[in-house]
>>> print(open('final-v4.tsv').read())   # TSV, C-alpha atoms and all ligand atoms
chain	number	residue	atom	x	y	z
A	76	MET	CA	121.34	96.61	129.06
A	77	SER	CA	121.53	98.37	132.39
A	78	SER	CA	124.58	100.58	132.21
A	79	VAL	CA	124.74	103.83	130.27
A	80	PRO	CA	128.01	103.95	128.38
A	81	HIS	CA	129.63	107.28	127.64
A	82	ALA	CA	131.25	106.74	124.29
A	83	LYS	CA	131.14	110.34	123.07
A	84	PRO	CA	131.73	111.05	119.42
A	85	ASN	CA	134.74	113.19	118.69
A	86	MET	CA	133.16	116.52	117.77
A	87	SER	CA	136.35	117.97	116.31
A	88	HIS	CA	136.20	115.36	113.54
A	89	HIS	CA	136.17	117.20	110.21
A	90	LEU	CA	135.47	115.81	106.76
A	91	GLU	CA	135.95	117.12	103.25
A	92	LEU	CA	133.04	116.90	100.79
A	93	PRO	CA	132.47	113.41	99.36
A	94	PRO	CA	134.80	113.00	96.36
A	95	ALA	CA	131.79	112.59	94.03
A	96	ALA	CA	130.44	116.00	95.16
A	97	ALA	CA	133.75	117.84	95.22
A	98	LYS	CA	133.05	119.81	92.03
A	99	LYS	CA	130.28	121.65	93.89
A	100	ARG	CA	127.98	121.83	90.86
A	101	ILE	CA	124.48	122.89	91.85
A	102	PHE	CA	121.67	120.35	91.53
A	103	TRP	CA	119.05	122.79	90.29
A	104	PRO	CA	115.90	120.60	90.44
A	105	TYR	CA	116.26	120.03	94.19
A	106	LEU	CA	117.41	123.59	94.90
A	107	LEU	CA	114.47	125.11	93.01
A	108	VAL	CA	111.82	122.82	94.52
A	109	ILE	CA	113.09	122.88	98.11
A	110	GLY	CA	113.97	126.59	97.90
A	111	GLY	CA	110.62	127.39	96.27
A	112	PHE	CA	108.65	125.59	98.99
A	113	HIS	CA	110.52	127.53	101.68
A	114	LEU	CA	109.85	130.82	99.87
A	115	LEU	CA	106.12	130.02	99.85
A	116	LEU	CA	106.10	129.15	103.55
A	117	PRO	CA	105.18	132.69	104.79
A	118	LEU	CA	101.86	132.38	102.88
A	119	ALA	CA	100.74	129.85	105.49
A	120	PHE	CA	101.00	132.53	108.19
A	121	LEU	CA	99.10	135.30	106.39
A	122	PRO	CA	96.15	136.74	108.32
A	123	GLY	CA	92.98	135.14	107.01
A	124	LEU	CA	94.81	132.02	105.89
A	125	PHE	CA	96.42	131.09	109.20
A	126	ASN	CA	94.53	129.42	112.00
A	127	PRO	CA	96.43	128.01	115.00
A	128	TRP	CA	94.35	124.83	114.78
A	129	TYR	CA	95.94	124.06	111.42
A	130	ILE	CA	99.23	123.36	113.21
A	131	LEU	CA	97.59	120.19	114.53
A	132	LEU	CA	97.37	118.92	110.94
A	133	LEU	CA	101.11	118.27	111.18
A	134	ILE	CA	100.51	115.40	113.61
A	135	PRO	CA	98.43	113.12	111.34
A	136	GLY	CA	100.26	114.53	108.31
A	137	ASN	CA	103.62	113.51	109.73
A	138	TYR	CA	102.33	110.11	110.84
A	139	ILE	CA	100.73	109.23	107.49
A	140	PHE	CA	103.35	110.58	105.09
A	141	GLY	CA	106.46	110.77	107.29
A	142	SER	CA	106.18	107.77	109.62
A	143	LEU	CA	104.28	105.35	107.36
A	144	GLY	CA	105.79	106.63	104.12
A	145	ILE	CA	109.39	107.49	104.91
A	146	ASN	CA	110.22	105.64	108.15
A	147	LEU	CA	108.25	102.48	107.53
A	148	ALA	CA	108.27	102.15	103.73
A	149	TYR	CA	111.40	103.92	102.46
A	150	HIS	CA	113.59	103.19	105.46
A	151	ARG	CA	112.60	100.06	107.34
A	152	ILE	CA	110.93	98.04	104.55
A	153	LEU	CA	112.73	99.10	101.35
A	154	THR	CA	116.20	100.03	102.60
A	155	HIS	CA	116.74	97.55	105.42
A	156	ARG	CA	114.13	94.84	104.72
A	157	SER	CA	113.34	94.83	108.44
A	158	LEU	CA	109.95	93.23	107.78
A	159	GLU	CA	107.84	91.82	105.02
A	160	THR	CA	104.35	92.95	104.12
A	161	PRO	CA	101.85	92.05	101.41
A	162	ARG	CA	103.02	93.52	98.10
A	163	TRP	CA	99.94	95.79	97.80
A	164	LEU	CA	100.64	97.23	101.25
A	165	GLU	CA	104.34	97.78	100.51
A	166	ARG	CA	103.31	99.74	97.42
A	167	LEU	CA	100.64	101.73	99.22
A	168	LEU	CA	103.09	102.70	101.98
A	169	THR	CA	105.70	103.53	99.33
A	170	ILE	CA	103.22	105.90	97.65
A	171	LEU	CA	102.76	107.66	101.02
A	172	GLY	CA	106.54	108.10	101.14
A	173	VAL	CA	106.55	109.48	97.60
A	174	CYS	CA	103.99	112.04	98.84
A	175	SER	CA	106.68	113.37	101.21
A	176	LEU	CA	108.65	114.61	98.19
A	177	GLN	CA	111.98	113.07	99.16
A	178	GLY	CA	112.78	111.73	95.70
A	179	SER	CA	112.24	108.28	94.25
A	180	PRO	CA	112.53	105.35	96.67
A	181	LEU	CA	115.32	103.97	94.45
A	182	ARG	CA	117.44	107.09	94.94
A	183	TRP	CA	116.58	107.41	98.65
A	184	VAL	CA	117.37	103.78	99.40
A	185	THR	CA	120.64	103.86	97.43
A	186	THR	CA	121.78	107.03	99.20
A	187	HIS	CA	120.89	105.59	102.58
A	188	ARG	CA	122.66	102.28	101.99
A	189	ILE	CA	125.78	104.24	101.01
A	190	HIS	CA	125.36	106.24	104.21
A	191	HIS	CA	125.34	103.04	106.28
A	192	GLN	CA	128.41	101.72	104.53
A	193	TYR	CA	130.49	104.87	104.97
A	194	SER	CA	128.86	106.65	107.93
A	195	ASP	CA	130.83	109.75	108.87
A	196	GLU	CA	133.61	108.97	106.45
A	197	GLN	CA	134.32	111.13	103.43
A	198	GLU	CA	132.22	108.92	101.12
A	199	ASP	CA	129.15	109.43	103.34
A	200	PRO	CA	126.72	111.45	101.18
A	201	HIS	CA	125.54	113.55	104.14
A	202	SER	CA	127.76	113.51	107.17
A	203	PRO	CA	127.29	116.60	109.41
A	204	PHE	CA	131.05	116.50	109.99
A	205	VAL	CA	131.54	118.32	106.68
A	206	THR	CA	129.35	121.07	108.14
A	207	PHE	CA	126.19	120.64	110.16
A	208	LEU	CA	124.17	122.31	107.39
A	209	TRP	CA	125.75	120.03	104.78
A	210	GLY	CA	124.55	116.95	106.69
A	211	HIS	CA	121.14	118.54	107.21
A	212	MET	CA	120.21	119.76	103.74
A	213	ASN	CA	123.01	121.30	101.66
A	214	TRP	CA	124.11	117.89	100.38
A	215	LEU	CA	120.84	117.78	98.42
A	216	PHE	CA	121.76	120.88	96.42
A	217	ILE	CA	125.10	119.65	95.08
A	218	ILE	CA	125.39	117.07	92.29
A	219	ASN	CA	126.84	113.83	93.61
A	220	ASP	CA	128.32	112.12	90.53
A	221	GLN	CA	127.95	108.75	92.22
A	222	MET	CA	124.16	109.16	92.13
A	223	GLU	CA	124.22	109.91	88.40
A	224	ARG	CA	125.60	106.47	87.52
A	225	LEU	CA	123.39	103.43	86.88
A	226	SER	CA	126.17	101.23	88.27
A	227	THR	CA	125.64	102.80	91.72
A	228	TYR	CA	122.00	101.72	91.73
A	229	GLU	CA	122.91	98.29	90.38
A	230	ARG	CA	125.39	97.86	93.19
A	231	TYR	CA	123.38	99.25	96.10
A	232	ALA	CA	119.76	98.59	95.19
A	233	PRO	CA	119.52	95.61	92.81
A	234	ASP	CA	116.42	94.45	94.68
A	235	LEU	CA	114.57	97.67	93.87
A	236	LEU	CA	115.79	97.72	90.28
A	237	GLU	CA	114.16	94.31	89.84
A	238	ASP	CA	110.76	95.69	90.82
A	239	PRO	CA	108.84	97.21	87.85
A	240	PHE	CA	106.87	99.43	90.24
A	241	GLN	CA	110.07	100.90	91.66
A	242	ARG	CA	111.53	101.38	88.19
A	243	TRP	CA	108.34	103.15	87.10
A	244	LEU	CA	108.41	105.50	90.08
A	245	HIS	CA	112.02	106.45	89.37
A	246	ARG	CA	111.62	106.86	85.63
A	247	ARG	CA	110.96	110.33	84.12
A	248	TYR	CA	110.20	111.94	87.47
A	249	ASN	CA	107.05	109.83	87.90
A	250	TRP	CA	107.49	110.18	91.67
A	251	LEU	CA	107.12	113.93	91.23
A	252	TRP	CA	103.88	113.45	89.30
A	253	VAL	CA	102.56	111.21	92.08
A	254	TYR	CA	103.31	114.01	94.54
A	255	ILE	CA	101.56	116.57	92.33
A	256	VAL	CA	98.46	114.35	91.97
A	257	HIS	CA	98.28	113.86	95.74
A	258	ALA	CA	98.61	117.64	96.25
A	259	VAL	CA	95.76	118.30	93.80
A	260	LEU	CA	93.55	115.68	95.49
A	261	LEU	CA	94.23	117.17	98.93
A	262	ALA	CA	93.55	120.66	97.55
A	263	GLY	CA	90.16	119.40	96.35
A	264	LEU	CA	89.46	117.95	99.77
A	265	ALA	CA	90.56	121.18	101.51
A	266	TYR	CA	88.27	123.35	99.39
A	267	LEU	CA	85.41	120.89	99.86
A	268	VAL	CA	85.81	121.18	103.64
A	269	GLY	CA	85.96	124.99	103.24
A	270	TYR	CA	82.76	124.92	101.20
A	271	PHE	CA	80.87	122.98	103.85
A	272	VAL	CA	82.01	124.90	106.92
A	273	ALA	CA	82.15	128.51	105.63
A	274	ASP	CA	79.31	131.01	105.37
A	275	SER	CA	80.49	132.63	102.16
A	276	LEU	CA	82.45	131.59	99.10
A	277	TRP	CA	85.27	133.97	100.07
A	278	ASP	CA	85.53	132.34	103.50
A	279	ALA	CA	85.42	128.91	101.86
A	280	TYR	CA	88.33	129.99	99.67
A	281	LEU	CA	90.35	131.22	102.66
A	282	ILE	CA	89.70	128.08	104.73
A	283	GLY	CA	90.42	125.78	101.79
A	284	THR	CA	93.67	127.58	101.00
A	285	GLY	CA	94.75	127.57	104.65
A	286	LEU	CA	94.00	123.86	105.01
A	287	PHE	CA	95.86	123.10	101.78
A	288	LEU	CA	98.91	125.15	102.79
A	289	TRP	CA	99.15	123.40	106.17
A	290	GLY	CA	98.15	119.95	104.98
A	291	VAL	CA	100.53	119.89	102.01
A	292	LEU	CA	103.10	122.71	101.84
A	293	VAL	CA	103.93	123.14	105.55
A	294	ARG	CA	103.62	119.41	106.22
A	295	THR	CA	106.04	118.61	103.38
A	296	ILE	CA	108.60	121.13	104.70
A	297	TYR	CA	108.10	119.89	108.27
A	298	VAL	CA	108.64	116.24	107.31
A	299	TRP	CA	111.70	117.25	105.27
A	300	HIS	CA	113.37	118.93	108.20
A	301	ILE	CA	112.64	116.28	110.78
A	302	THR	CA	113.90	113.60	108.36
A	303	TRP	CA	117.01	115.71	107.74
A	304	PHE	CA	117.55	116.07	111.49
A	305	VAL	CA	118.09	112.30	111.60
A	306	ASN	CA	121.10	112.83	109.32
A	307	SER	CA	122.37	115.96	111.06
A	308	ALA	CA	121.36	116.10	114.74
A	309	SER	CA	121.33	112.30	115.21
A	310	HIS	CA	124.97	112.17	114.15
A	311	TYR	CA	125.84	115.06	116.45
A	312	PHE	CA	123.75	115.56	119.59
A	313	GLY	CA	122.64	113.01	122.15
A	314	TYR	CA	123.92	109.86	123.81
A	315	ARG	CA	125.24	106.56	122.54
A	316	ASN	CA	124.19	103.11	123.71
A	317	TYR	CA	126.76	101.46	121.44
A	318	ASN	CA	130.31	102.06	120.31
A	319	THR	CA	129.55	102.06	116.61
A	320	GLN	CA	132.35	103.19	114.32
A	321	ASP	CA	130.41	106.26	113.20
A	322	HIS	CA	129.22	109.25	115.23
A	323	SER	CA	125.56	108.28	115.32
A	324	THR	CA	123.65	109.35	118.42
A	325	ASN	CA	120.32	108.76	120.08
A	326	CYS	CA	118.71	112.19	120.05
A	327	TRP	CA	115.48	112.20	122.06
A	328	TRP	CA	113.86	115.22	120.42
A	329	VAL	CA	114.54	113.89	116.92
A	330	ALA	CA	113.07	110.55	118.02
A	331	LEU	CA	110.01	112.31	119.37
A	332	LEU	CA	109.49	114.40	116.23
A	333	THR	CA	110.08	111.50	113.82
A	334	ASN	CA	108.19	108.81	115.75
A	335	GLY	CA	111.31	106.75	116.41
A	336	GLU	CA	113.97	107.49	113.82
A	337	GLY	CA	116.05	109.60	116.20
A	338	TRP	CA	117.29	106.51	118.11
A	339	HIS	CA	119.90	106.53	115.44
A	340	ASN	CA	122.88	105.13	117.33
A	341	ASN	CA	120.73	102.08	118.10
A	342	HIS	CA	119.87	101.92	114.42
A	343	HIS	CA	123.49	102.07	113.26
A	344	ALA	CA	124.34	99.32	115.76
A	345	ALA	CA	121.57	97.06	114.42
A	346	PRO	CA	120.60	98.44	110.99
A	347	ARG	CA	118.30	95.61	110.03
A	348	ALA	CA	116.33	95.55	113.28
A	349	ALA	CA	112.72	96.72	112.85
A	350	ALA	CA	112.79	98.38	116.29
A	351	HIS	CA	114.95	101.48	116.67
A	352	GLY	CA	114.14	102.00	120.36
A	353	HIS	CA	116.21	99.50	122.35
A	354	ARG	CA	115.39	100.59	125.90
A	355	TRP	CA	111.87	100.58	127.28
A	356	TRP	CA	111.68	104.35	127.31
A	357	GLU	CA	113.04	104.81	123.79
A	358	ILE	CA	109.57	105.19	122.30
A	359	ASP	CA	109.32	104.24	118.64
A	360	LEU	CA	105.81	104.71	117.29
A	361	THR	CA	106.90	103.42	113.88
A	362	TYR	CA	107.84	100.11	115.49
A	363	THR	CA	104.59	100.08	117.47
A	364	THR	CA	102.85	100.36	114.09
A	365	ILE	CA	104.84	97.33	112.87
A	366	VAL	CA	103.76	95.35	115.95
A	367	VAL	CA	100.11	96.19	115.28
A	368	MET	CA	100.60	95.17	111.64
A	369	THR	CA	101.87	91.75	112.78
A	370	TRP	CA	98.75	91.32	114.93
A	371	LEU	CA	96.65	92.06	111.86
A	372	GLY	CA	98.62	89.59	109.76
A	373	LEU	CA	99.99	92.47	107.65
A	374	ALA	CA	103.66	92.05	108.59
A	375	TRP	CA	105.94	89.09	109.11
A	376	LYS	CA	109.64	88.19	109.22
A	377	VAL	CA	110.16	91.18	111.54
A	378	VAL	CA	113.92	91.35	112.11
A	379	PRO	CA	114.82	91.30	115.84
A	380	ILE	CA	117.50	93.47	117.49
A	381	LYS	CA	120.94	91.89	117.18
A	382	VAL	CA	123.93	94.08	118.00
A	383	PRO	CA	127.47	92.88	117.18
A	384	LYS	CA	129.41	92.17	120.35
A	385	SER	CA	132.12	94.65	119.43
A	386	PHE	CA	129.62	97.55	119.63
A	387	LEU	CA	128.67	96.74	123.22
A	388	PRO	CA	130.07	99.25	125.71
A	389	ASN	CA	132.16	96.65	127.56
A	390	ALA	CA	133.72	95.11	124.42
A	391	ALA	CA	137.43	94.39	124.62
A	392	PRO	CA	139.61	96.75	122.50
A	393	GLU	CA	140.80	93.91	120.25
A	394	GLU	CA	137.17	93.09	119.42
A	395	LEU	CA	136.63	96.71	118.40
A	396	ALA	CA	139.66	96.61	116.15
A	397	GLU	CA	138.44	93.52	114.38
A	398	GLU	CA	135.04	94.87	113.50
A	399	PRO	CA	134.66	94.67	109.71
A	400	HIS	CA	133.30	97.57	107.69
A	401	GLU	CA	129.56	97.74	107.90
A	402	GLN	CA	128.01	96.37	104.75
A	403	PRO	CA	125.04	97.69	102.81
A	404	ALA	CA	121.90	97.33	104.75
A	405	THR	CA	120.29	94.34	103.12
A	406	SER	CA	123.15	92.05	104.04
B	501	ZN	ZN	123.06	107.70	110.12
B	502	ZN	ZN	119.07	103.16	108.04
>>> encode(input="final-v4.tsv", output="structure tokens", more="lines below")
Ligand SMILES: [Zn+2]
Ligand SMILES: [Zn+2]
Amino acid sequence: MSSVPHAKPNMSHHLELPPAAAKKRIFWPYLLVIGGFHLLLPLAFLPGLFNPWYILLLIPGNYIFGSLGINLAYHRILTHRSLETPRWLERLLTILGVCSLQGSPLRWVTTHRIHHQYSDEQEDPHSPFVTFLWGHMNWLFIINDQMERLSTYERYAPDLLEDPFQRWLHRRYNWLWVYIVHAVLLAGLAYLVGYFVADSLWDAYLIGTGLFLWGVLVRTIYVWHITWFVNSASHYFGYRNYNTQDHSTNCWWVALLTNGEGWHNNHHAAPRAAAHGHRWWEIDLTYTTIVVMTWLGLAWKVVPIKVPKSFLPNAAPEELAEEPHEQPATS
């Protein structure tokens, strides 16, 4: 792969809302939780609670809950089956993803498989070609009737429905309870650290609260937005290695922030591949983690990069025309 193709997405492309979201009914649980977290955000910057060093907590916080939980577990293991791991490890990584408060894995995986099938078409749950903000986050606040039907999950995620652990997480908002328990445990840890490093109980309270706000609240919001940028910016800004039929792009700053997920045009060209960086400089720390896991005997059946010929930049036009619709990710 030596040449840099210039297949630019057509930015004037405009989509209507997905038919299943056309009624524009508000999905209150997501609006209240996501809106509420954002309203609390200024607390993290209050004098006494804010310390510039706390910003650094976002680095391990994003790696543990965002990269291991969302990228590795939700996306590469559960959605695309890009690798296999021991069952206990798959569940542990899944719990880390649940602690990013992005809904149950069953719902996330189903939504994402629909996204791959209909990328940047009207049925895409979150194309930024409705509006950029729709693709980024507004799609979460509108009821998508398709996601309210059991048949959707049976069609797109039968493998997860078969797993009692996944069914348990999805049932009765158990995923939300897992998030709450993790937040309480981290609050305990934060106040314990405060207690040991502060000179007074008041200082211990301030340090504990600051650590909690940055380690849980700010980190959750941060991981939300960088994950959402994969859906918005990485279908909008950047370059394309492959002529996929969607508008996916490789967006370097999204890749940097998300530890690899921003190489999204590569990913749409080879959805099952464990590696999302296809060129040597397309750094993908999530994939590096997978490589280390294979060394430790904790990952196997790692799916290699295989791009359909028709997506290659020098493909003949007739090959492009014959490309079948991309199927759900497990296929
Ligand atoms: Zn995409
Ligand atoms: Zn994907």
>>> residues_around(input="final-v4.tsv", residues="A:Val291", least_positions_apart="4", cutoff="10 Å", atoms="only C-alpha atoms", output="ChimeraX atom specification")
/A:132-133,136,174-175,254,257-259,261-262,285-287,295-297
>>> atom_distance(input="final-v4.tsv", atom1="atom CA of A:Ala374", atom2="atom CA of A:Thr160")
4.6 Å
>>> residues_around(input="final-v4.tsv", residues="A:Thr319", least_positions_apart="6", cutoff="9 Å", atoms="all atoms listed in the file", output="MDAnalysis selection string")
chainID A and resid 340:341 343:344 385:387
>>> residues_near_point(input="final-v4.tsv", point="(124.1, 102.5, 95.7)", cutoff="10 Å", atoms="only C-alpha atoms", output="PyMOL selection string")
chain A and resi 181-190+192+221-222+224-233+403
>>> write_last_selection(input="final-v4.tsv", atoms="C-alpha atoms", output="short mmCIF file (atom, residue, chain, number, x, y, z; two decimals), in the coordinates of the input")
data_model
loop_
_atom_site.label_atom_id
_atom_site.label_comp_id
_atom_site.auth_asym_id
_atom_site.auth_seq_id
_atom_site.Cartn_x
_atom_site.Cartn_y
_atom_site.Cartn_z
CA LEU A 181 115.32 103.97 94.45
CA ARG A 182 117.44 107.09 94.94
CA TRP A 183 116.58 107.41 98.65
CA VAL A 184 117.37 103.78 99.40
CA THR A 185 120.64 103.86 97.43
CA THR A 186 121.78 107.03 99.20
CA HIS A 187 120.89 105.59 102.58
CA ARG A 188 122.66 102.28 101.99
CA ILE A 189 125.78 104.24 101.01
CA HIS A 190 125.36 106.24 104.21
CA GLN A 192 128.41 101.72 104.53
CA GLN A 221 127.95 108.75 92.22
CA MET A 222 124.16 109.16 92.13
CA ARG A 224 125.60 106.47 87.52
CA LEU A 225 123.39 103.43 86.88
CA SER A 226 126.17 101.23 88.27
CA THR A 227 125.64 102.80 91.72
CA TYR A 228 122.00 101.72 91.73
CA GLU A 229 122.91 98.29 90.38
CA ARG A 230 125.39 97.86 93.19
CA TYR A 231 123.38 99.25 96.10
CA ALA A 232 119.76 98.59 95.19
CA PRO A 233 119.52 95.61 92.81
CA PRO A 403 125.04 97.69 102.81
#
>>> residues_around(input="final-v4.tsv", residues="A:Ser194", least_positions_apart="6", cutoff="8 Å", atoms="all atoms listed in the file", output="ChimeraX atom specification")
/A:202,321-322
>>> residues_near_ligand(input="final-v4.tsv", ligand="ligand ZN 501 (chain B)", cutoff="12 Å", atoms="only C-alpha atoms and all ligand atoms", output="PyMOL selection string")
chain A and resi 150+186-196+199-204+210-211+302-311+319-326+336-346+404
>>> atom_distance(input="final-v4.tsv", atom1="atom CA of A:Tyr362", atom2="atom CA of A:Pro180")
20.1 Å
>>> atom_distance(input="final-v4.tsv", atom1="atom CA of A:Glu198", atom2="atom CA of A:Gly141")
26.6 Å
>>> residues_around(input="final-v4.tsv", residues="A:Asn146", least_positions_apart="4", cutoff="10 Å", atoms="all atoms listed in the file", output="JSON list (two decimals) with C-alpha atoms, in the frame of the given file")
[["chain", "number", "residue", "atom", "x", "y", "z"],
["A", 138, "TYR", "CA", 102.33, 110.11, 110.84],
["A", 140, "PHE", "CA", 103.35, 110.58, 105.09],
["A", 141, "GLY", "CA", 106.46, 110.77, 107.29],
["A", 142, "SER", "CA", 106.18, 107.77, 109.62],
["A", 150, "HIS", "CA", 113.59, 103.19, 105.46],
["A", 151, "ARG", "CA", 112.60, 100.06, 107.34],
["A", 152, "ILE", "CA", 110.93, 98.04, 104.55],
["A", 153, "LEU", "CA", 112.73, 99.10, 101.35],
["A", 154, "THR", "CA", 116.20, 100.03, 102.60],
["A", 168, "LEU", "CA", 103.09, 102.70, 101.98],
["A", 172, "GLY", "CA", 106.54, 108.10, 101.14],
["A", 302, "THR", "CA", 113.90, 113.60, 108.36],
["A", 333, "THR", "CA", 110.08, 111.50, 113.82],
["A", 334, "ASN", "CA", 108.19, 108.81, 115.75],
["A", 335, "GLY", "CA", 111.31, 106.75, 116.41],
["A", 336, "GLU", "CA", 113.97, 107.49, 113.82],
["A", 361, "THR", "CA", 106.90, 103.42, 113.88],
["A", 362, "TYR", "CA", 107.84, 100.11, 115.49]]
>>> closest_residue(input="final-v4.tsv", among="A:Gln177, A:Thr169, A:Ser157, A:Asn126", to="A:Val298", atoms="only C-alpha atoms")
A:Gln177
>>> closest_residue(input="final-v4.tsv", among="A:Phe120, A:Tyr149, A:Phe102, A:Trp277", to="ligand ZN 502 (chain B)", atoms="all atoms listed in the file")
A:Tyr149
>>> closest_residue(input="final-v4.tsv", among="A:Leu121, A:Val293, A:Ile255, A:Ala265", to="A:Ile134", atoms="all atoms listed in the file")
A:Val293
>>> axis_aligned_box(input="final-v4.tsv", around="stretch 95-110 of chain A", padding_each_side="4 Å", output="JSON")
{"center_x": 122.8, "center_y": 119.6, "center_z": 94.2, "size_x": 29.9, "size_y": 22.0, "size_z": 15.8}
>>> closest_residue(input="final-v4.tsv", among="A:Arg354, A:Ala330, A:Arg347, A:Leu373", to="A:Asn316", atoms="all atoms listed in the file")
A:Arg354
>>> closest_residue(input="final-v4.tsv", among="A:Leu371, A:Ile145, A:Leu281, A:Ile218", to="ligand ZN 502 (chain B)", atoms="all atoms listed in the file")
A:Ile145
>>> residues_around(input="final-v4.tsv", residues="A:Ala390", least_positions_apart="5", cutoff="10 Å", atoms="only C-alpha atoms", output="ChimeraX atom specification")
/A:317-318,383-385,395
>>> residues_near_point(input="final-v4.tsv", point="(124.5, 127.9, 96.9)", cutoff="9 Å", atoms="only C-alpha atoms", output="list in words")
Ile101, Leu106, Asn213, Phe216 and Ile217 of chain A
>>> closest_residue(input="final-v4.tsv", among="A:Glu223, A:Asp274, A:Pro104, A:Ala148", to="ligand ZN 502 (chain B)", atoms="all atoms listed in the file")
A:Ala148
>>> build_atoms(input="final-v4.tsv", residues="stretch 208-222 of chain A", atoms="N, CA and C atoms", output="PDB file, in the frame of the given file")
ATOM      1  N   LEU A 208     125.156 121.995 108.411  1.00  0.00           N
ATOM      2  CA  LEU A 208     124.170 122.310 107.390  1.00  0.00           C
ATOM      3  C   LEU A 208     124.314 121.404 106.158  1.00  0.00           C
ATOM      4  N   TRP A 209     125.534 120.992 105.868  1.00  0.00           N
ATOM      5  CA  TRP A 209     125.750 120.030 104.780  1.00  0.00           C
ATOM      6  C   TRP A 209     125.003 118.732 105.094  1.00  0.00           C
ATOM      7  N   GLY A 210     125.203 118.205 106.302  1.00  0.00           N
ATOM      8  CA  GLY A 210     124.550 116.950 106.690  1.00  0.00           C
ATOM      9  C   GLY A 210     123.033 117.107 106.732  1.00  0.00           C
ATOM     10  N   HIS A 211     122.578 118.323 107.067  1.00  0.00           N
ATOM     11  CA  HIS A 211     121.140 118.540 107.210  1.00  0.00           C
ATOM     12  C   HIS A 211     120.455 118.638 105.842  1.00  0.00           C
ATOM     13  N   MET A 212     120.902 119.578 105.012  1.00  0.00           N
ATOM     14  CA  MET A 212     120.210 119.760 103.740  1.00  0.00           C
ATOM     15  C   MET A 212     121.086 120.165 102.558  1.00  0.00           C
ATOM     16  N   ASN A 213     122.226 120.781 102.796  1.00  0.00           N
ATOM     17  CA  ASN A 213     123.010 121.300 101.660  1.00  0.00           C
ATOM     18  C   ASN A 213     123.488 120.203 100.712  1.00  0.00           C
ATOM     19  N   TRP A 214     123.676 118.989 101.240  1.00  0.00           N
ATOM     20  CA  TRP A 214     124.110 117.890 100.380  1.00  0.00           C
ATOM     21  C   TRP A 214     123.117 117.628  99.244  1.00  0.00           C
ATOM     22  N   LEU A 215     121.857 117.998  99.448  1.00  0.00           N
ATOM     23  CA  LEU A 215     120.840 117.780  98.420  1.00  0.00           C
ATOM     24  C   LEU A 215     121.007 118.716  97.230  1.00  0.00           C
ATOM     25  N   PHE A 216     121.691 119.840  97.457  1.00  0.00           N
ATOM     26  CA  PHE A 216     121.760 120.880  96.420  1.00  0.00           C
ATOM     27  C   PHE A 216     123.010 120.777  95.558  1.00  0.00           C
ATOM     28  N   ILE A 217     123.860 119.811  95.845  1.00  0.00           N
ATOM     29  CA  ILE A 217     125.100 119.650  95.080  1.00  0.00           C
ATOM     30  C   ILE A 217     125.050 118.304  94.354  1.00  0.00           C
ATOM     31  N   ILE A 218     125.417 118.308  93.074  1.00  0.00           N
ATOM     32  CA  ILE A 218     125.390 117.070  92.290  1.00  0.00           C
ATOM     33  C   ILE A 218     126.424 116.094  92.857  1.00  0.00           C
ATOM     34  N   ASN A 219     125.957 114.905  93.185  1.00  0.00           N
ATOM     35  CA  ASN A 219     126.840 113.830  93.610  1.00  0.00           C
ATOM     36  C   ASN A 219     126.970 112.872  92.419  1.00  0.00           C
ATOM     37  N   ASP A 220     128.136 112.900  91.774  1.00  0.00           N
ATOM     38  CA  ASP A 220     128.320 112.120  90.530  1.00  0.00           C
ATOM     39  C   ASP A 220     127.986 110.647  90.722  1.00  0.00           C
ATOM     40  N   GLN A 221     128.229 110.158  91.928  1.00  0.00           N
ATOM     41  CA  GLN A 221     127.950 108.750  92.220  1.00  0.00           C
ATOM     42  C   GLN A 221     126.467 108.420  91.972  1.00  0.00           C
ATOM     43  N   MET A 222     125.590 109.395  92.268  1.00  0.00           N
ATOM     44  CA  MET A 222     124.160 109.160  92.130  1.00  0.00           C
ATOM     45  C   MET A 222     123.681 109.323  90.688  1.00  0.00           C
TER      46      MET A 222
END
